[in-house]
$ cat my_file.txt   # compact mmCIF, C-alpha atoms
# COMPACT_ATOMS: atom_id res chain seq x y z
CA MET A 1 -105.63 -47.59 39.84
CA ASN A 2 -103.62 -46.25 42.75
CA LYS A 3 -104.70 -49.21 44.86
CA ALA A 4 -103.46 -51.65 42.22
CA ILE A 5 -100.05 -49.88 42.06
CA LYS A 6 -99.70 -50.08 45.81
CA ILE A 7 -100.47 -53.81 45.79
CA LEU A 8 -97.92 -54.45 43.02
CA THR A 9 -95.28 -52.39 44.82
CA VAL A 10 -95.78 -54.36 48.04
CA ALA A 11 -95.57 -57.61 46.09
CA LEU A 12 -92.28 -56.50 44.46
CA VAL A 13 -90.75 -55.57 47.79
CA LEU A 14 -91.73 -58.93 49.24
CA GLN A 15 -90.14 -60.71 46.29
CA VAL A 16 -86.87 -58.78 46.73
CA LEU A 17 -86.82 -59.62 50.44
CA LEU A 18 -87.45 -63.26 49.65
CA VAL A 19 -84.52 -63.36 47.19
CA VAL A 20 -82.19 -61.68 49.70
CA LEU A 21 -83.16 -64.03 52.53
CA THR A 22 -82.86 -67.07 50.30
CA ASN A 23 -79.31 -66.16 49.14
CA LEU A 24 -78.06 -64.68 52.41
CA ASP A 25 -75.80 -67.63 53.11
CA HIS A 26 -74.39 -67.42 49.58
CA PHE A 27 -73.60 -63.69 49.99
CA LYS A 28 -71.94 -64.33 53.33
CA SER A 29 -69.88 -67.10 51.79
CA ASN A 30 -68.71 -64.86 48.93
CA ASP A 31 -67.90 -62.02 51.33
CA SER A 32 -65.87 -64.41 53.43
CA ASN A 33 -64.03 -65.69 50.35
CA GLN A 34 -63.27 -62.15 49.25
CA ASN A 35 -61.30 -61.48 52.42
CA SER A 36 -59.73 -64.93 52.97
CA ARG A 37 -56.06 -65.74 52.54
CA LEU A 38 -54.98 -67.33 49.33
CA LEU A 39 -52.80 -69.89 51.16
CA SER A 40 -54.14 -71.08 54.50
CA LEU A 41 -50.91 -72.63 55.78
CA ASP A 42 -49.07 -72.89 59.05
CA TRP A 43 -45.94 -71.29 57.67
CA SER A 44 -43.85 -72.23 60.70
CA HIS A 45 -44.09 -75.86 59.54
CA ILE A 46 -43.43 -75.25 55.83
CA ASP A 47 -39.81 -76.25 55.20
CA GLY A 48 -39.77 -76.92 51.48
CA LEU A 49 -40.87 -75.51 48.15
CA ARG A 50 -40.81 -77.34 44.84
CA ILE A 51 -41.36 -75.24 41.72
CA ALA A 52 -42.11 -76.89 38.38
CA GLY A 53 -42.23 -75.18 35.00
CA LYS A 54 -44.27 -75.97 31.91
CA ASP A 55 -41.21 -77.46 30.17
CA SER A 56 -40.75 -80.20 32.81
CA THR A 57 -37.98 -78.28 34.63
CA SER A 58 -38.18 -78.14 38.40
CA VAL A 59 -36.21 -77.00 41.41
CA LEU A 60 -36.39 -77.94 45.09
CA LEU A 61 -35.68 -75.43 47.86
CA LYS A 62 -35.34 -76.69 51.43
CA LYS A 63 -35.23 -74.66 54.61
CA LYS A 64 -32.00 -75.19 56.54
CA SER A 65 -32.51 -72.62 59.29
CA GLU A 66 -34.69 -69.60 60.06
CA HIS A 67 -33.11 -67.45 57.33
CA GLU A 68 -31.23 -69.98 55.24
CA TRP A 69 -32.44 -72.18 52.38
CA ILE A 70 -30.43 -74.58 50.23
CA LEU A 71 -30.72 -76.35 46.87
CA PRO A 72 -30.43 -80.06 47.84
CA ASP A 73 -30.56 -81.22 44.20
CA TYR A 74 -27.97 -78.65 43.10
CA PHE A 75 -24.89 -79.64 45.15
CA SER A 76 -26.65 -78.34 48.31
CA LEU A 77 -25.57 -74.80 47.45
CA PRO A 78 -27.23 -71.89 49.30
CA VAL A 79 -30.31 -70.08 48.02
CA ASP A 80 -30.28 -66.32 47.53
CA SER A 81 -32.00 -65.26 50.77
CA VAL A 82 -33.23 -61.99 49.26
CA LYS A 83 -35.16 -63.84 46.52
CA ILE A 84 -36.80 -66.46 48.74
CA ASP A 85 -37.73 -63.84 51.35
CA GLU A 86 -39.25 -61.62 48.65
CA LEU A 87 -41.41 -64.48 47.37
CA LEU A 88 -42.62 -65.64 50.79
CA ASP A 89 -43.28 -62.09 51.94
CA LYS A 90 -45.66 -61.74 48.99
CA LEU A 91 -47.43 -65.07 49.40
CA LYS A 92 -47.89 -65.31 53.17
CA PRO A 93 -50.24 -62.32 53.64
CA MET A 94 -51.87 -62.50 50.20
CA HIS A 95 -55.70 -62.26 50.26
CA THR A 96 -58.05 -63.21 47.46
CA ASP A 97 -60.43 -60.88 45.68
CA TRP A 98 -63.46 -61.84 43.63
CA PRO A 99 -62.52 -64.74 41.28
CA VAL A 100 -62.20 -63.84 37.62
CA ALA A 101 -63.45 -67.28 36.55
CA THR A 102 -64.35 -70.71 37.92
CA THR A 103 -64.70 -73.05 34.93
CA GLU A 104 -62.32 -75.72 33.70
CA GLU A 105 -62.33 -74.10 30.28
CA ALA A 106 -61.13 -70.82 31.80
CA ALA A 107 -58.43 -72.69 33.76
CA LYS A 108 -57.02 -74.07 30.52
CA ARG A 109 -57.26 -70.68 28.81
CA PHE A 110 -55.47 -68.92 31.69
CA GLU A 111 -52.93 -71.80 31.92
CA VAL A 112 -53.72 -72.74 35.52
CA SER A 113 -55.05 -76.26 35.00
CA LYS A 114 -53.36 -79.42 36.30
CA ASP A 115 -52.20 -80.33 32.80
CA ASN A 116 -51.45 -76.83 31.52
CA PHE A 117 -49.72 -74.34 33.82
CA GLN A 118 -46.78 -71.98 33.71
CA ARG A 119 -45.68 -72.64 37.29
CA GLN A 120 -46.67 -75.20 39.90
CA LEU A 121 -45.69 -74.42 43.48
CA ASN A 122 -45.83 -77.27 45.98
CA PHE A 123 -45.51 -76.14 49.60
CA LEU A 124 -43.93 -78.94 51.63
CA GLN A 125 -43.75 -80.08 55.21
CA GLY A 126 -41.06 -82.70 55.09
CA ASP A 127 -42.01 -84.79 52.05
CA THR A 128 -45.72 -84.01 52.32
CA THR A 129 -47.37 -81.46 50.02
CA LYS A 130 -49.58 -79.21 52.14
CA SER A 131 -50.86 -77.02 49.30
CA THR A 132 -50.35 -76.54 45.55
CA LEU A 133 -50.62 -73.22 43.76
CA LEU A 134 -50.79 -72.95 39.96
CA THR A 135 -49.85 -69.72 38.19
CA GLY A 136 -50.44 -68.92 34.53
CA THR A 137 -50.92 -66.06 32.12
CA SER A 138 -50.59 -62.39 33.06
CA PRO A 139 -53.68 -60.17 33.03
CA GLY A 140 -51.60 -57.05 33.65
CA TYR A 141 -48.33 -55.60 34.86
CA ARG A 142 -46.81 -57.75 37.65
CA LYS A 143 -49.94 -59.88 37.89
CA VAL A 144 -50.70 -63.51 37.11
CA HIS A 145 -53.73 -65.71 37.07
CA ALA A 146 -53.54 -68.19 39.95
CA LYS A 147 -55.56 -71.11 41.25
CA LEU A 148 -55.23 -73.61 44.05
CA ALA A 149 -55.04 -77.12 42.61
CA ASP A 150 -57.97 -78.40 44.70
CA GLN A 151 -60.29 -75.43 43.99
CA SER A 152 -62.01 -74.04 40.90
CA ALA A 153 -61.77 -70.29 41.64
CA ILE A 154 -59.22 -68.42 39.52
CA TYR A 155 -57.80 -65.15 40.83
CA ALA A 156 -55.62 -62.34 39.48
CA ILE A 157 -52.88 -61.90 42.08
CA GLU A 158 -49.92 -59.55 42.40
CA LEU A 159 -47.06 -61.84 41.46
CA SER A 160 -44.69 -62.47 38.57
CA ASN A 161 -43.68 -65.84 37.15
CA PHE A 162 -40.18 -64.38 37.03
CA LEU A 163 -40.13 -64.53 40.85
CA VAL A 164 -40.93 -68.25 40.81
CA SER A 165 -38.31 -69.56 38.40
CA ALA A 166 -38.05 -73.33 37.97
CA SER A 167 -34.27 -73.11 37.38
CA ALA A 168 -31.79 -73.81 40.19
CA GLU A 169 -29.32 -71.31 38.72
CA ASP A 170 -31.83 -68.50 39.21
CA TRP A 171 -32.15 -69.32 42.93
CA LEU A 172 -28.41 -69.79 43.53
CA LYS A 173 -26.72 -67.30 45.84
CA LYS A 174 -24.47 -65.61 43.27
CA GLN A 175 -22.29 -63.80 45.84
CA LEU A 176 -21.40 -67.07 47.52
CA LEU A 177 -17.63 -66.44 47.27
CA ALA A 178 -17.66 -62.66 47.83
CA LEU A 179 -15.17 -61.68 50.53
CA ASP A 180 -15.73 -59.72 53.71
CA LEU A 181 -12.57 -57.61 53.61
CA ASN A 182 -12.99 -56.69 57.26
CA GLN A 183 -11.71 -60.20 57.98
CA VAL A 184 -8.99 -60.37 55.32
CA LYS A 185 -5.43 -59.53 56.42
CA GLU A 186 -3.45 -60.34 53.27
CA ILE A 187 -4.13 -60.61 49.54
CA SER A 188 -1.63 -62.18 47.11
CA ILE A 189 -2.04 -62.13 43.32
CA VAL A 190 1.09 -63.31 41.45
CA ASP A 191 3.65 -60.56 42.28
CA ILE A 192 1.13 -58.39 44.17
CA HIS A 193 1.20 -58.72 47.94
CA LEU A 194 -1.16 -56.52 49.94
CA THR A 195 -1.26 -56.46 53.72
CA LYS A 196 -3.48 -54.63 56.18
CA PRO A 197 -1.56 -54.18 59.45
CA ASP A 198 -4.07 -51.58 60.63
CA LYS A 199 -7.00 -50.00 58.81
CA ASP A 200 -5.14 -49.16 55.58
CA TRP A 201 -3.82 -51.52 52.91
CA VAL A 202 -0.08 -51.57 52.21
CA LEU A 203 1.59 -52.77 49.00
CA ASP A 204 4.88 -54.52 49.69
CA GLY A 205 8.06 -53.42 47.94
CA LEU A 206 7.33 -49.74 47.30
CA SER A 207 10.35 -47.41 46.97
CA ALA A 208 10.67 -43.98 48.55
CA ASP A 209 9.32 -42.23 45.43
CA GLN A 210 6.28 -44.53 45.11
CA LYS A 211 2.93 -44.80 46.82
CA ILE A 212 -0.15 -47.00 46.42
CA ASN A 213 -2.68 -45.99 43.77
CA HIS A 214 -5.84 -45.79 45.86
CA SER A 215 -8.17 -45.62 42.86
CA SER A 216 -6.86 -48.91 41.40
CA LEU A 217 -6.78 -50.49 44.84
CA GLN A 218 -10.42 -49.59 45.50
CA SER A 219 -11.43 -51.06 42.14
CA LEU A 220 -9.78 -54.35 43.12
CA LEU A 221 -11.39 -54.40 46.56
CA ASP A 222 -14.83 -53.64 45.09
CA THR A 223 -14.46 -56.55 42.67
CA LEU A 224 -13.57 -58.93 45.50
CA THR A 225 -16.37 -57.82 47.82
CA ASN A 226 -18.99 -58.00 45.05
CA PHE A 227 -17.63 -61.02 43.21
CA ARG A 228 -20.39 -63.15 41.63
CA ILE A 229 -20.58 -66.64 40.23
CA GLU A 230 -22.97 -67.60 37.44
CA SER A 231 -23.55 -71.31 37.98
CA ALA A 232 -21.96 -74.51 39.30
CA PHE A 233 -20.35 -77.38 37.39
CA GLY A 234 -20.06 -79.77 40.31
CA PRO A 235 -17.24 -81.16 42.48
CA SER A 236 -15.33 -82.62 39.54
CA LEU A 237 -14.62 -81.72 35.94
CA ASP A 238 -13.37 -83.73 33.01
CA ALA A 239 -9.72 -82.89 32.37
CA ASN A 240 -10.67 -81.96 28.82
CA GLN A 241 -12.89 -79.16 30.14
CA LEU A 242 -9.98 -77.43 31.86
CA GLN A 243 -7.23 -75.75 29.87
CA ASN A 244 -4.33 -73.78 31.32
CA GLN A 245 -4.51 -72.11 34.72
CA VAL A 246 -4.86 -68.36 34.30
CA ALA A 247 -4.12 -67.02 37.79
CA THR A 248 -4.17 -67.88 41.48
CA LEU A 249 -5.15 -65.76 44.46
CA ALA A 250 -4.50 -66.28 48.15
CA PHE A 251 -6.39 -64.65 51.01
CA ASP A 252 -5.22 -64.75 54.61
CA LEU A 253 -8.01 -64.23 57.15
CA GLY A 254 -5.80 -64.77 60.16
CA SER A 255 -7.51 -67.88 61.46
CA ASP A 256 -8.29 -69.17 57.96
CA LYS A 257 -6.93 -69.06 54.43
CA HIS A 258 -8.66 -69.20 51.03
CA ASN A 259 -7.28 -69.84 47.57
CA TRP A 260 -8.84 -69.13 44.19
CA ALA A 261 -7.63 -70.76 40.97
CA PHE A 262 -8.93 -69.57 37.58
CA TYR A 263 -8.88 -71.82 34.52
CA GLU A 264 -9.61 -71.39 30.83
CA PRO A 265 -12.43 -73.65 29.61
CA LYS A 266 -11.99 -75.78 26.52
CA GLU A 267 -14.57 -73.54 24.86
CA GLY A 268 -16.86 -70.73 25.96
CA ALA A 269 -16.60 -67.03 26.82
CA TYR A 270 -16.24 -67.52 30.57
CA LEU A 271 -13.68 -68.70 33.15
CA ILE A 272 -13.81 -71.62 35.56
CA LEU A 273 -13.09 -70.97 39.23
CA LYS A 274 -12.13 -73.44 41.94
CA SER A 275 -12.11 -72.06 45.47
CA THR A 276 -11.18 -73.67 48.76
CA GLN A 277 -14.36 -72.05 50.11
CA ASN A 278 -16.47 -74.70 48.38
CA ALA A 279 -16.05 -78.17 46.91
CA VAL A 280 -17.47 -77.40 43.45
CA TYR A 281 -16.19 -75.71 40.31
CA PHE A 282 -17.98 -72.50 39.31
CA LYS A 283 -18.64 -70.69 36.07
CA VAL A 284 -17.75 -66.98 36.33
CA ASN A 285 -18.11 -64.00 34.03
CA ARG A 286 -14.86 -63.49 32.12
CA ALA A 287 -14.96 -59.68 32.12
CA GLU A 288 -15.42 -59.56 35.90
CA ALA A 289 -12.78 -62.21 36.56
CA GLU A 290 -10.22 -60.47 34.36
CA LYS A 291 -10.37 -57.40 36.59
CA ILE A 292 -8.43 -59.66 38.96
CA THR A 293 -6.57 -62.14 36.76
CA THR A 294 -5.04 -59.52 34.43
CA LEU A 295 -4.19 -56.98 37.13
CA LYS A 296 -0.56 -55.82 36.97
CA ARG A 297 1.44 -54.69 39.96
CA GLN A 298 2.34 -51.42 38.22
CA ALA A 299 -1.37 -50.49 38.10
CA LEU A 300 -1.34 -50.26 41.91
CA ILE A 301 1.70 -47.96 42.01
CA GLN A 302 1.72 -44.21 41.74
CA SER A 303 4.83 -42.03 41.58
CA VAL A 304 5.39 -39.49 44.33
CA THR A 305 5.91 -35.94 43.01
CA VAL A 306 9.21 -34.47 44.30
CA PRO A 307 9.01 -30.68 44.82
CA THR A 308 11.54 -28.66 42.71
CA ALA A 309 14.24 -26.63 44.54
CA ALA A 310 13.73 -22.84 44.81
CA VAL A 311 15.83 -20.58 42.47
CA ALA A 312 18.67 -18.93 44.38
CA ASP A 313 18.53 -15.14 44.92
CA PRO A 314 21.23 -13.48 42.71
CA ALA A 315 21.92 -10.95 45.49
CA SER A 316 22.96 -13.71 47.78
CA THR A 317 25.26 -15.37 45.22
CA SER A 318 28.93 -14.97 46.14
CA PRO A 319 31.39 -13.54 43.56
CA THR A 320 33.08 -16.89 43.27
CA GLU A 321 29.86 -18.67 42.32
CA SER A 322 29.21 -19.23 38.61
CA THR A 323 25.79 -17.95 37.67
CA ASN A 324 24.32 -18.52 34.25
CA LEU A 325 21.80 -15.81 33.47
CA PRO A 326 19.73 -15.25 30.35
CA LYS A 327 21.02 -12.56 28.02
CA SER A 328 18.20 -10.19 28.93
CA MET A 329 18.94 -10.66 32.63
CA ALA A 330 22.66 -10.13 31.99
CA GLN A 331 22.03 -6.82 30.20
CA ASP A 332 19.84 -5.67 33.06
CA ALA A 333 22.66 -6.47 35.40
CA LEU A 334 25.19 -4.16 33.60
CA PRO A 335 25.88 -0.79 35.32
CA SER A 336 24.18 2.14 33.58
CA LEU A 337 26.31 4.95 32.09
CA ASP A 338 25.40 8.50 33.04
CA MET A 339 25.28 10.59 29.88
CA PRO A 340 25.19 14.41 29.97
CA ASP A 341 21.98 16.06 28.98
CA MET A 342 22.09 17.13 25.32
CA PRO A 343 20.12 19.90 23.67
CA THR A 344 17.13 18.76 21.72
CA GLY A 345 17.95 17.77 18.14
CA GLU A 346 21.67 17.44 18.78
CA SER A 347 23.64 14.30 19.06
CA PRO A 348 26.97 13.71 20.67
CA THR A 349 30.02 13.77 18.31
CA MET A 350 33.16 11.80 18.59
CA ASP A 351 36.57 13.49 18.47
CA ASP A 352 38.22 12.35 15.22
CA SER A 353 41.63 13.80 16.18
CA LYS A 354 44.29 11.17 16.63
CA PRO A 355 46.44 11.22 19.72
CA GLU A 356 49.92 12.50 19.15
CA PRO A 357 52.54 9.82 19.20
CA MET A 358 54.51 9.63 22.40
CA SER A 359 58.12 10.66 22.19
CA PRO A 360 60.56 7.90 22.93
$ encode --input "my_file.txt" --output "structure tokens"
Amino acid sequence: MNKAIKILTVALVLQVLLVVLTNLDHFKSNDSNQNSRLLSLDWSHIDGLRIAGKDSTSVLLKKKSEHEWILPDYFSLPVDSVKIDELLDKLKPMHTDWPVATTEEAAKRFEVSKDNFQRQLNFLQGDTTKSTLLTGTSPGYRKVHAKLADQSAIYAIELSNFLVSASAEDWLKKQLLALDLNQVKEISIVDIHLTKPDKDWVLDGLSADQKINHSSLQSLLDTLTNFRIESAFGPSLDANQLQNQVATLAFDLGSDKHNWAFYEPKEGAYLILKSTQNAVYFKVNRAEAEKITTLKRQALIQSVTVPTAAVADPASTSPTESTNLPKSMAQDALPSLDMPDMPTGESPTMDDSKPEPMSP
């Protein structure tokens, strides 16, 4: 009995060894895949990214310089560098884990098939697509299912479809017109004229009893330095789209000058802005724009408090000076009469005798 058990045990061990040796290459391959990069690209040569959505929308981003991308199909406006850097910083070092599925049925279910995807990312070198990544449903917080178009393995990667929008407006640099006030020397808004001869701003036309309201001034400067656009209309607009001009601003940068003109649209809860900084018309948030367009000069002015004069000392007042004192103070100022001490319980009596008439 013991001999039979030993023989069976040896046979089992040999079978296990045979299975391991037979599938060794397969295990090595899977281990290699587990630690490989998702996108094996020479990133120094990737100069374009086209993102398509499931609703046939798409956007093209092209690299202009080391840290600058533009939207060639959207008036060649600049891309928000923070957004594109965030996306590439996630994708470049991304490694794959074990695939969650490999079948075509699973690809359709997770929306990462060629005909059914949520996002399609084409990485370009010139006009040539070097790799295509499909992203689909989310298996968890800040994760999506993803698959390379030419492979069957489906992975769950740390990414959000929100970061790979197919809309040009979402990639647009919204602070395109924001001002660097370190370069601005003058700001003019209707009857407001601010200058900066040194490090402090000066409001022209203040009287001796007025000074600049620094709180209101700082609010204006913050609006200008953080000013955002929402989208672009293009270099021309139909005259029917523009109503009356709301306000104009002028900025003097010493070596350069900028002008902003705000217009009411024919309809819509926004304003239209035309700036000499760019050739296109922009859509801007009305509430933010009105912090500038409705600003009144008086809001930047604060009255100077004049100290009241000290009350004169009565002791130093000359006899010829007229001094108006309260009744209580006047009574205190009367000389006191010295009365003789009277016995307790007695009161002074008045002499009722009449003076004798004087003889003629």
$ closest_residue --input "my_file.txt" --among "A:Ala279, A:Leu77, A:Leu237, A:Ile187" --to "Asp252 of chain A" --atoms "only C-alpha atoms"
A:Ile187
$ closest_residue --input "my_file.txt" --among "A:Glu86, A:Ile154, A:Val280, A:His67" --to "Ala107 of chain A" --atoms "all atoms listed in the file"
A:Ile154
$ atom_distance --input "my_file.txt" --atom1 "atom CA of Trp260 of chain A" --atom2 "atom CA of Ser219 of chain A"
18.4 Å
$ residues_around --input "my_file.txt" --residues "Thr248 of chain A" --least-positions-apart "4" --cutoff "12 Å" --atoms "only C-alpha atoms" --output "list in words"
Ile187, Ser188, Ile189, Val190, Asp191, Ile192, Asn244, His258, Asn259, Trp260, Ala261, Phe262, Tyr263, Ile272, Leu273, Lys274, Ser275, Thr276, Ala289, Glu290, Ile292, Thr293, Thr294 and Leu295 of chain A
$ closest_residue --input "my_file.txt" --among "A:Gln210, A:Thr102, A:Thr129, A:Gln151" --to "Val304 of chain A" --atoms "all atoms listed in the file"
A:Gln210
$ atom_distance --input "my_file.txt" --atom1 "atom CA of Ser216 of chain A" --atom2 "atom CA of Val246 of chain A"
20.8 Å
$ atom_distance --input "my_file.txt" --atom1 "atom CA of Gln125 of chain A" --atom2 "atom CA of Ile46 of chain A"
4.9 Å
$ residues_around --input "my_file.txt" --residues "Asp47 of chain A" --least-positions-apart "4" --cutoff "9 Å" --atoms "all atoms listed in the file" --output "CSV table (one decimal) with C-alpha atoms, in the frame of the given file"
chain,number,residue,atom,x,y,z
A,43,TRP,CA,-45.9,-71.3,57.7
A,61,LEU,CA,-35.7,-75.4,47.9
A,62,LYS,CA,-35.3,-76.7,51.4
A,63,LYS,CA,-35.2,-74.7,54.6
A,64,LYS,CA,-32.0,-75.2,56.5
A,69,TRP,CA,-32.4,-72.2,52.4
A,123,PHE,CA,-45.5,-76.1,49.6
A,124,LEU,CA,-43.9,-78.9,51.6
A,125,GLN,CA,-43.8,-80.1,55.2
A,126,GLY,CA,-41.1,-82.7,55.1
$ residues_near_point --input "my_file.txt" --point "(1.3, -47.8, 47.2)" --cutoff "12 Å" --atoms "all atoms listed in the file" --output "PyMOL selection string"
chain A and resi 192-195+200-218+297-304
$ residues_around --input "my_file.txt" --residues "Leu163 of chain A" --least-positions-apart "4" --cutoff "8 Å" --atoms "all atoms listed in the file" --output "list in words"
Lys83, Leu87 and Leu159 of chain A
$ closest_residue --input "my_file.txt" --among "A:Trp171, A:Phe227, A:Phe251, A:Phe233" --to "Asp80 of chain A" --atoms "only C-alpha atoms"
A:Trp171
$ residues_near_point --input "my_file.txt" --point "(-14.3, -63.4, 48.9)" --cutoff "8 Å" --atoms "all atoms listed in the file" --output "number ranges by chain"
A: 177-181, 224-225, 227
$ closest_residue --input "my_file.txt" --among "A:Gly254, A:Ala153, A:Leu88, A:Asp73" --to "Lys196 of chain A" --atoms "only C-alpha atoms"
A:Gly254
$ closest_residue --input "my_file.txt" --among "A:Leu60, A:Leu176, A:Leu249, A:Val284" --to "Pro78 of chain A" --atoms "only C-alpha atoms"
A:Leu176
